[in-house]
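Below: one structure, written as structure tokens.
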Amino acid sequence: MSKKLEPQLAAGSVYSQSARLIFKRNRSLLIQPILILVILTLMLTYIHNHKLDIIEKVTINPQFIFKAIEDHVFLSFSAAVIILAIAIPGGILFTRPKMKRFTPIALALANIGQAFPAVGLLILAGINFGFGKPVAIGTFAAFGTLPILRNTIVGLQEIDPFIVESAMGMGMTPRQALRKIELPLAVPVILAGVRTTLILTVGVATLGVFVNGGGLGMLIIPGLKLNRQIVLLTGGMLTIIVAFTMDWLARLAEEFLRPRGI
Amino acid sequence: MPSVQGQEIKLEKLTKRYPNTAKDAVKEFSLTIPAGELVVFVGPSGCGKTTTMKMINRIIEPTSGKILIGGEDVTHTPAFELRRNIGYVIQQIGLFPHMTIAANVATVPNLLGWDKAKTKARVNELLELVGLDPAEYSNRYPKQLSGGQQQRVGVARALAADPAVLLMDEPFGATDPITRVRLQKEFRALQRELKKTVVFVTHDFEEALLLGDRIAVLSEQSHVEQYGTPLEILSAPATDRVKSFVGEAASVRMLGLVSLKEIDVLAGANGTVTVPETGTLREAMEQFIGGADVINIGTRGHLTFDALQNVIAKTRSTATHS
Amino acid sequence: MILKPPNLWQFIHIQWAKILSEVIAQVELVLLVIAIVAVTGILTGILVHKHLALVEAVTGFWSIVYTIPSLAMLVFFIGPFGLGWVPAVIALVLYGQLPIVRNTIVGLRSVEPAVMESASAMGLKSSAILRKIQLPLAWPVIVVGLRVSCMLIFGLSAIASYVGGPGLGDYLFSGLSSLGSFNSMNQTLVGAFGITLLALIFDAFFVLLKRVTTSKGLRIA
């Protein structure tokens, strides 16, 4: 019994050892911006050196590109907000002692839900509810909520139960223990959840084009259909730039909003 | 700051039965813990001693039974109210990693709404009491401290609101033996000063002997095999279970429990060696084994080997008949 | 004469031969990708797990790859490899790495130092320790990684169908492009639920695999 305790005490960590390995401070905080700039430069050079024909000029111009990026960010943020508003309180709810017996069901549902392909859900929704941004956002939210809920539940379950027991033992009411102890300790989990949500929605927002939702897929799909390499690649590179930027900003938030001592 | 003295704890037929189990985890446990004393629950793993302790502050709710603290029935008072007046130290410590040491120690005072200045003074006082320099440690985080230091903070935190009762579950268990002995001795000195009522759970009988004013030797379902002073248990183990738990050489260990201040001595001080009165019968015996014929007990008198044997016999009979 | 639009079951019945061949193609794709991912991912994990700096670098690298939206990833392989299953396989293999590499590393590293030390002290060589002790102990975690990866691959394969990847995703996009026709919904349903069903079957297989291959000593009682 004592052996299992030693690593925990020595490391002073709240989480199990395996979870810590993954949460470890990332040097990619520096690498990512560099990558972003490199890709950006490559892309701009490529466009600059290529004489654009009429068809290409339709998509590769500042207005179109900015609109595509704007739509893309709008789609991902909207979906992310909905997801987080449901998944994080939901995750907290399912880890309360009274709700613990429903947790396995929630997790099992989440696992099943993950098997459903995003693009399938999107197309089904489009056919049934019509095309456009709201349908896209709704579908992305529906797709993303269960995995984020699951991540939140699992992350919260990793918090050392003895810390909570101490809190209760000292006379905190369950609500006080939640507010003063569990939630602060859950901040890293929640922040990781926010980042995962953003990656998920930014990724899936590229599919928005299939239901006329806009987004950076608007460069990729026409590029494919019209067989224009430059449009295709520009769309691809822009998508990566946006995704990396979001991820990087989320990682920064994770690093700087993490409570001291964890 | 003068401290609140301990209150008597009376446990009446405390029982805990977990659902879907064949037997009670704790069966009708009844015990009175006198005010201001440190009572050790000692027994093998799985006997239910920790469960019993955790029922006193209702971290584990009893299936049936009564808990009275200071004469008042607290079995049904709101749990969090009860717990703010009971100090709680567990084996896994459970310091809050996201709070500084000072904030950790200040937890219950804050819950009780003490004013900031009073709390701060109290935190400093307690950190010093457990041997940690407030200037150095107040603003550190738990992960920056060693296991032994974290355990001290755990004790300080439990004492912060000056509770009358302390519950401690193997509090020194997760440290190395050397640190553990130090912590035990320091805590014993502390308890002599503070005189809280302490329920102390351990599986280590030596720890029980060192710290306990009274020891409850427990077996399955927290059945009380014997409840008495360390001397009583060593000199007159009530059952075979207790005997096997106490182990070998009970008599020799008993020697270490009797202070030389309390024994009868022969008049005159013509011995070859002097043993100070602060010592125990054990030190006296060591001298005889070393070859002395007559030893002085401080300035009070002397002992021969025969006299020592009489003292031992008398101690044993007093212990069995008390 | 006005034909009644076929309901889903009729549609499946009529198209059964084609559906079956797509199912087979889908399964072949996933099996191929999983096989490559398992071999490369586990090997990578084994090679780097002892050196923390490498672990960080490798995990960091695949994490970054993971954030690339799938459509964008596919795009880059269409250039050199054209449309078809090659870019699909490459992209899926790349996405599949993270769960397996990460879990292999975590699994191998989570073997208690005391266990490793006893093994060395008994005279076992590193490779033997790896084979007889670390891998068996890490295996349950690795299987979980395979399970996660597989689920990921199924989901992404749907998108890959758009650029010629094999599988039931084809039905999704033909359903989309034939919007308005009476089989549009049927096709979409076959595509979406077909993939879901296959993914769940594979998932169940991994759950079973984990249970069957975990040594009794490790199983939580």
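Going by the structure tokens order, chains are called A, B, ..., each with residues numbered from 1, while ligands are numbered from 1 in the order shown.
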
Exercise. For chain C, work out the contacting residues on chain A at 8 Å, counting only C-alpha atoms, and write them as a VMD selection string.
Key: chain A and resid 17 to 18 21 26 to 28 112 114 to 121 123 to 124 127 199 202 to 204 206 to 207 217 220 229 232 to 233 235 to 237 239 to 240 243 to 244 247

Practice problem: Per DSSP on the backbone, filter stretch 5-237 of chain A down to the residues in alpha helix (DSSP H) and report them as a PyMOL selection string. | Solution: chain A and resi 5-11+17-23+28-49+54-59+62-94+103-114+118-129+133-157+161-169+174-177+183-205+217-225+229-237

Fewer than 4 positions away in the same chain doesn't count, so skip those; otherwise give me all residues within 12 Å of stretch 137-140 of chain C, counting only C-alpha atoms, as a compact mmCIF listing (two decimals) with N, CA and C atoms, in the first residue's frame.
# COMPACT_ATOMS: atom_id res chain seq x y z
N SER A 18 -0.01 7.99 -15.44
CA SER A 18 -0.17 7.97 -16.89
C SER A 18 -0.81 9.26 -17.39
N ILE C 42 3.24 0.55 -32.50
CA ILE C 42 3.80 -0.17 -31.36
C ILE C 42 5.32 -0.16 -31.42
N GLY C 45 6.54 3.13 -30.29
CA GLY C 45 6.41 3.21 -28.83
C GLY C 45 7.53 2.46 -28.14
N ILE C 46 7.81 1.26 -28.62
CA ILE C 46 8.87 0.45 -28.01
C ILE C 46 10.21 1.15 -28.14
N HIS C 49 10.23 4.63 -25.78
CA HIS C 49 9.63 4.81 -24.46
C HIS C 49 10.62 5.06 -23.34
N ILE C 100 -2.14 4.90 -30.64
CA ILE C 100 -1.35 3.70 -30.40
C ILE C 100 0.02 4.03 -29.85
N ARG C 102 0.94 6.68 -28.25
CA ARG C 102 0.80 7.22 -26.89
C ARG C 102 0.50 6.12 -25.88
N ASN C 103 -0.46 5.26 -26.22
CA ASN C 103 -0.80 4.19 -25.28
C ASN C 103 0.33 3.19 -25.10
N THR C 104 1.05 2.90 -26.18
CA THR C 104 2.17 1.97 -26.03
C THR C 104 3.20 2.56 -25.07
N ILE C 105 3.51 3.83 -25.27
CA ILE C 105 4.50 4.46 -24.40
C ILE C 105 4.01 4.46 -22.95
N VAL C 106 2.79 4.92 -22.76
CA VAL C 106 2.26 4.97 -21.39
C VAL C 106 2.24 3.57 -20.78
N GLY C 107 1.81 2.62 -21.55
CA GLY C 107 1.75 1.25 -21.05
C GLY C 107 3.12 0.71 -20.66
N LEU C 108 4.09 0.90 -21.52
CA LEU C 108 5.42 0.38 -21.22
C LEU C 108 6.04 1.10 -20.03
N ARG C 109 5.80 2.38 -19.94
CA ARG C 109 6.41 3.14 -18.86
C ARG C 109 5.71 2.92 -17.54
N SER C 110 4.48 2.42 -17.58
CA SER C 110 3.77 2.33 -16.31
C SER C 110 4.11 1.06 -15.55
N VAL C 111 4.98 0.24 -16.11
CA VAL C 111 5.41 -0.92 -15.35
C VAL C 111 6.24 -0.42 -14.18
N GLU C 112 5.93 -0.89 -12.99
CA GLU C 112 6.59 -0.34 -11.80
C GLU C 112 8.10 -0.54 -11.82
N VAL C 115 9.40 -3.69 -10.40
CA VAL C 115 9.31 -4.89 -11.22
C VAL C 115 10.47 -4.95 -12.21
N MET C 116 10.77 -3.80 -12.82
CA MET C 116 11.86 -3.75 -13.80
C MET C 116 13.18 -4.11 -13.14
N ILE C 129 13.23 -8.59 -21.02
CA ILE C 129 12.35 -7.86 -20.11
C ILE C 129 11.20 -7.27 -20.89
N LEU C 130 11.53 -6.70 -22.05
CA LEU C 130 10.50 -6.12 -22.89
C LEU C 130 9.47 -7.16 -23.28
N ARG C 131 9.96 -8.28 -23.72
CA ARG C 131 9.10 -9.32 -24.26
C ARG C 131 8.27 -10.00 -23.16
N LYS C 132 8.94 -10.35 -22.06
CA LYS C 132 8.27 -11.18 -21.07
C LYS C 132 7.53 -10.39 -20.00
N ILE C 133 7.95 -9.15 -19.80
CA ILE C 133 7.39 -8.42 -18.68
C ILE C 133 6.65 -7.15 -19.11
N VAL C 144 -6.42 -0.98 -25.82
CA VAL C 144 -7.31 0.19 -25.77
C VAL C 144 -6.93 1.19 -26.84
N GLY C 145 -5.62 1.38 -27.03
CA GLY C 145 -5.14 2.29 -28.08
C GLY C 145 -5.59 1.82 -29.44
N LEU C 146 -5.52 0.52 -29.69
CA LEU C 146 -5.95 -0.02 -30.97
C LEU C 146 -7.44 0.23 -31.17
N ARG C 147 -8.17 0.06 -30.08
CA ARG C 147 -9.61 0.25 -30.14
C ARG C 147 -9.96 1.69 -30.51
N PHE C 206 -12.46 -5.61 -30.12
CA PHE C 206 -11.32 -5.18 -29.31
C PHE C 206 -11.60 -5.33 -27.82
N VAL C 207 -12.85 -5.07 -27.42
CA VAL C 207 -13.19 -5.25 -26.01
C VAL C 207 -12.98 -6.71 -25.62
N LEU C 208 -13.44 -7.59 -26.49
CA LEU C 208 -13.28 -9.02 -26.25
C LEU C 208 -11.81 -9.41 -26.21
N LEU C 209 -11.07 -8.87 -27.19
CA LEU C 209 -9.65 -9.17 -27.27
C LEU C 209 -8.95 -8.79 -25.97
N LYS C 210 -9.28 -7.61 -25.48
CA LYS C 210 -8.64 -7.14 -24.26
C LYS C 210 -8.94 -8.09 -23.11
N ARG C 211 -10.20 -8.48 -23.01
CA ARG C 211 -10.58 -9.34 -21.90
C ARG C 211 -9.90 -10.70 -22.00
N VAL C 212 -9.86 -11.24 -23.20
CA VAL C 212 -9.32 -12.58 -23.37
C VAL C 212 -7.81 -12.61 -23.20
N THR C 213 -7.13 -11.56 -23.68
CA THR C 213 -5.68 -11.64 -23.66
C THR C 213 -5.04 -11.02 -22.43
N THR C 214 -5.85 -10.41 -21.54
CA THR C 214 -5.23 -9.85 -20.34
C THR C 214 -4.99 -10.98 -19.37
N SER C 215 -3.76 -11.06 -18.88
CA SER C 215 -3.44 -12.15 -17.96
C SER C 215 -4.30 -12.04 -16.71
N LYS C 216 -4.65 -13.17 -16.14
CA LYS C 216 -5.55 -13.19 -14.99
C LYS C 216 -5.03 -12.35 -13.84
N GLY C 217 -3.71 -12.31 -13.71
CA GLY C 217 -3.16 -11.55 -12.60
C GLY C 217 -3.43 -10.07 -12.68
N LEU C 218 -3.69 -9.59 -13.91
CA LEU C 218 -3.88 -8.16 -14.07
C LEU C 218 -5.33 -7.76 -13.99
N ARG C 219 -6.20 -8.72 -14.23
CA ARG C 219 -7.60 -8.35 -14.32
C ARG C 219 -8.08 -7.88 -12.97
N ILE C 220 -8.87 -6.78 -13.00
CA ILE C 220 -9.43 -6.29 -11.76
C ILE C 220 -10.50 -7.27 -11.34

Quiz item: Mind listing as a PyMOL selection string which residues of chain B are within 7 Å of chain A, counting only C-alpha atoms?
Solution: chain B and resi 59+80-81+83-84+87-88+92+94-99+108+141-143+146-147+174

Quiz prompt | Selection: 10 Å around stretch 274-278 of chain B, only C-alpha atoms, excl. self and same-chain fewer than 2 positions, as a PyMOL selection string | solution = chain B and resi 259-263+269-272+280-281+283-284+287+294-302

Write the residues of the preceding selection, restricted to C-alpha atoms, as an mmCIF file, in the first residue's frame.
data_model
loop_
_atom_site.group_PDB
_atom_site.id
_atom_site.type_symbol
_atom_site.label_atom_id
_atom_site.label_comp_id
_atom_site.auth_asym_id
_atom_site.auth_seq_id
_atom_site.Cartn_x
_atom_site.Cartn_y
_atom_site.Cartn_z
ATOM 1 C CA SER B 259 8.794 5.267 35.046
ATOM 2 C CA LEU B 260 11.359 5.163 37.820
ATOM 3 C CA LYS B 261 9.572 8.017 39.521
ATOM 4 C CA GLU B 262 6.687 5.758 40.456
ATOM 5 C CA ILE B 263 8.404 2.747 41.944
ATOM 6 C CA ALA B 269 22.374 5.603 47.815
ATOM 7 C CA ASN B 270 25.391 3.368 48.015
ATOM 8 C CA GLY B 271 25.137 2.007 44.465
ATOM 9 C CA THR B 272 27.889 1.848 41.893
ATOM 10 C CA THR B 280 12.244 3.563 33.067
ATOM 11 C CA LEU B 281 12.662 0.084 34.538
ATOM 12 C CA GLU B 283 17.262 1.380 31.893
ATOM 13 C CA ALA B 284 17.539 -0.055 35.382
ATOM 14 C CA GLN B 287 22.496 -1.702 34.196
ATOM 15 C CA VAL B 294 23.372 -2.061 43.199
ATOM 16 C CA ILE B 295 22.086 0.982 41.339
ATOM 17 C CA ASN B 296 20.955 4.391 42.569
ATOM 18 C CA ILE B 297 17.667 5.720 41.378
ATOM 19 C CA GLY B 298 18.339 9.420 41.035
ATOM 20 C CA THR B 299 18.828 10.784 44.529
ATOM 21 C CA ARG B 300 15.852 8.954 45.971
ATOM 22 C CA GLY B 301 17.332 5.625 46.885
ATOM 23 C CA HIS B 302 18.719 2.422 45.428
#

Exercise. Per DSSP on the backbone, filter stretch 8-203 of chain B down to the residues in strand (DSSP E or B) and report them as number ranges by chain.
Key: B: 9-16, 26-33, 38-42, 64-69, 72-73, 86-89, 165-169, 197-202

Quiz item: Which polymer residues have any atom within 7 Å of an atom of C:Ala88, counting only C-alpha atoms, with same-chain residues fewer than 4 positions away left out, as a ChimeraX atom specification?
Solution: /C:74,92,160,165

Self-check item: All residues 9 Å or closer to C:Leu29, only C-alpha atoms, same chain fewer than 4 positions away omitted, as a ChimeraX atom specification
Solution: /C:24-25,33-34,85,88-89,157,165-167

Quiz item: Can you list, as number ranges by chain, every protein, DNA or RNA residue that comes within 8 Å of A:Ala250 when you count only C-alpha atoms, leaving out same-chain residues fewer than 4 positions away?
Solution: A: 191, 194-195, 198, 246, 254
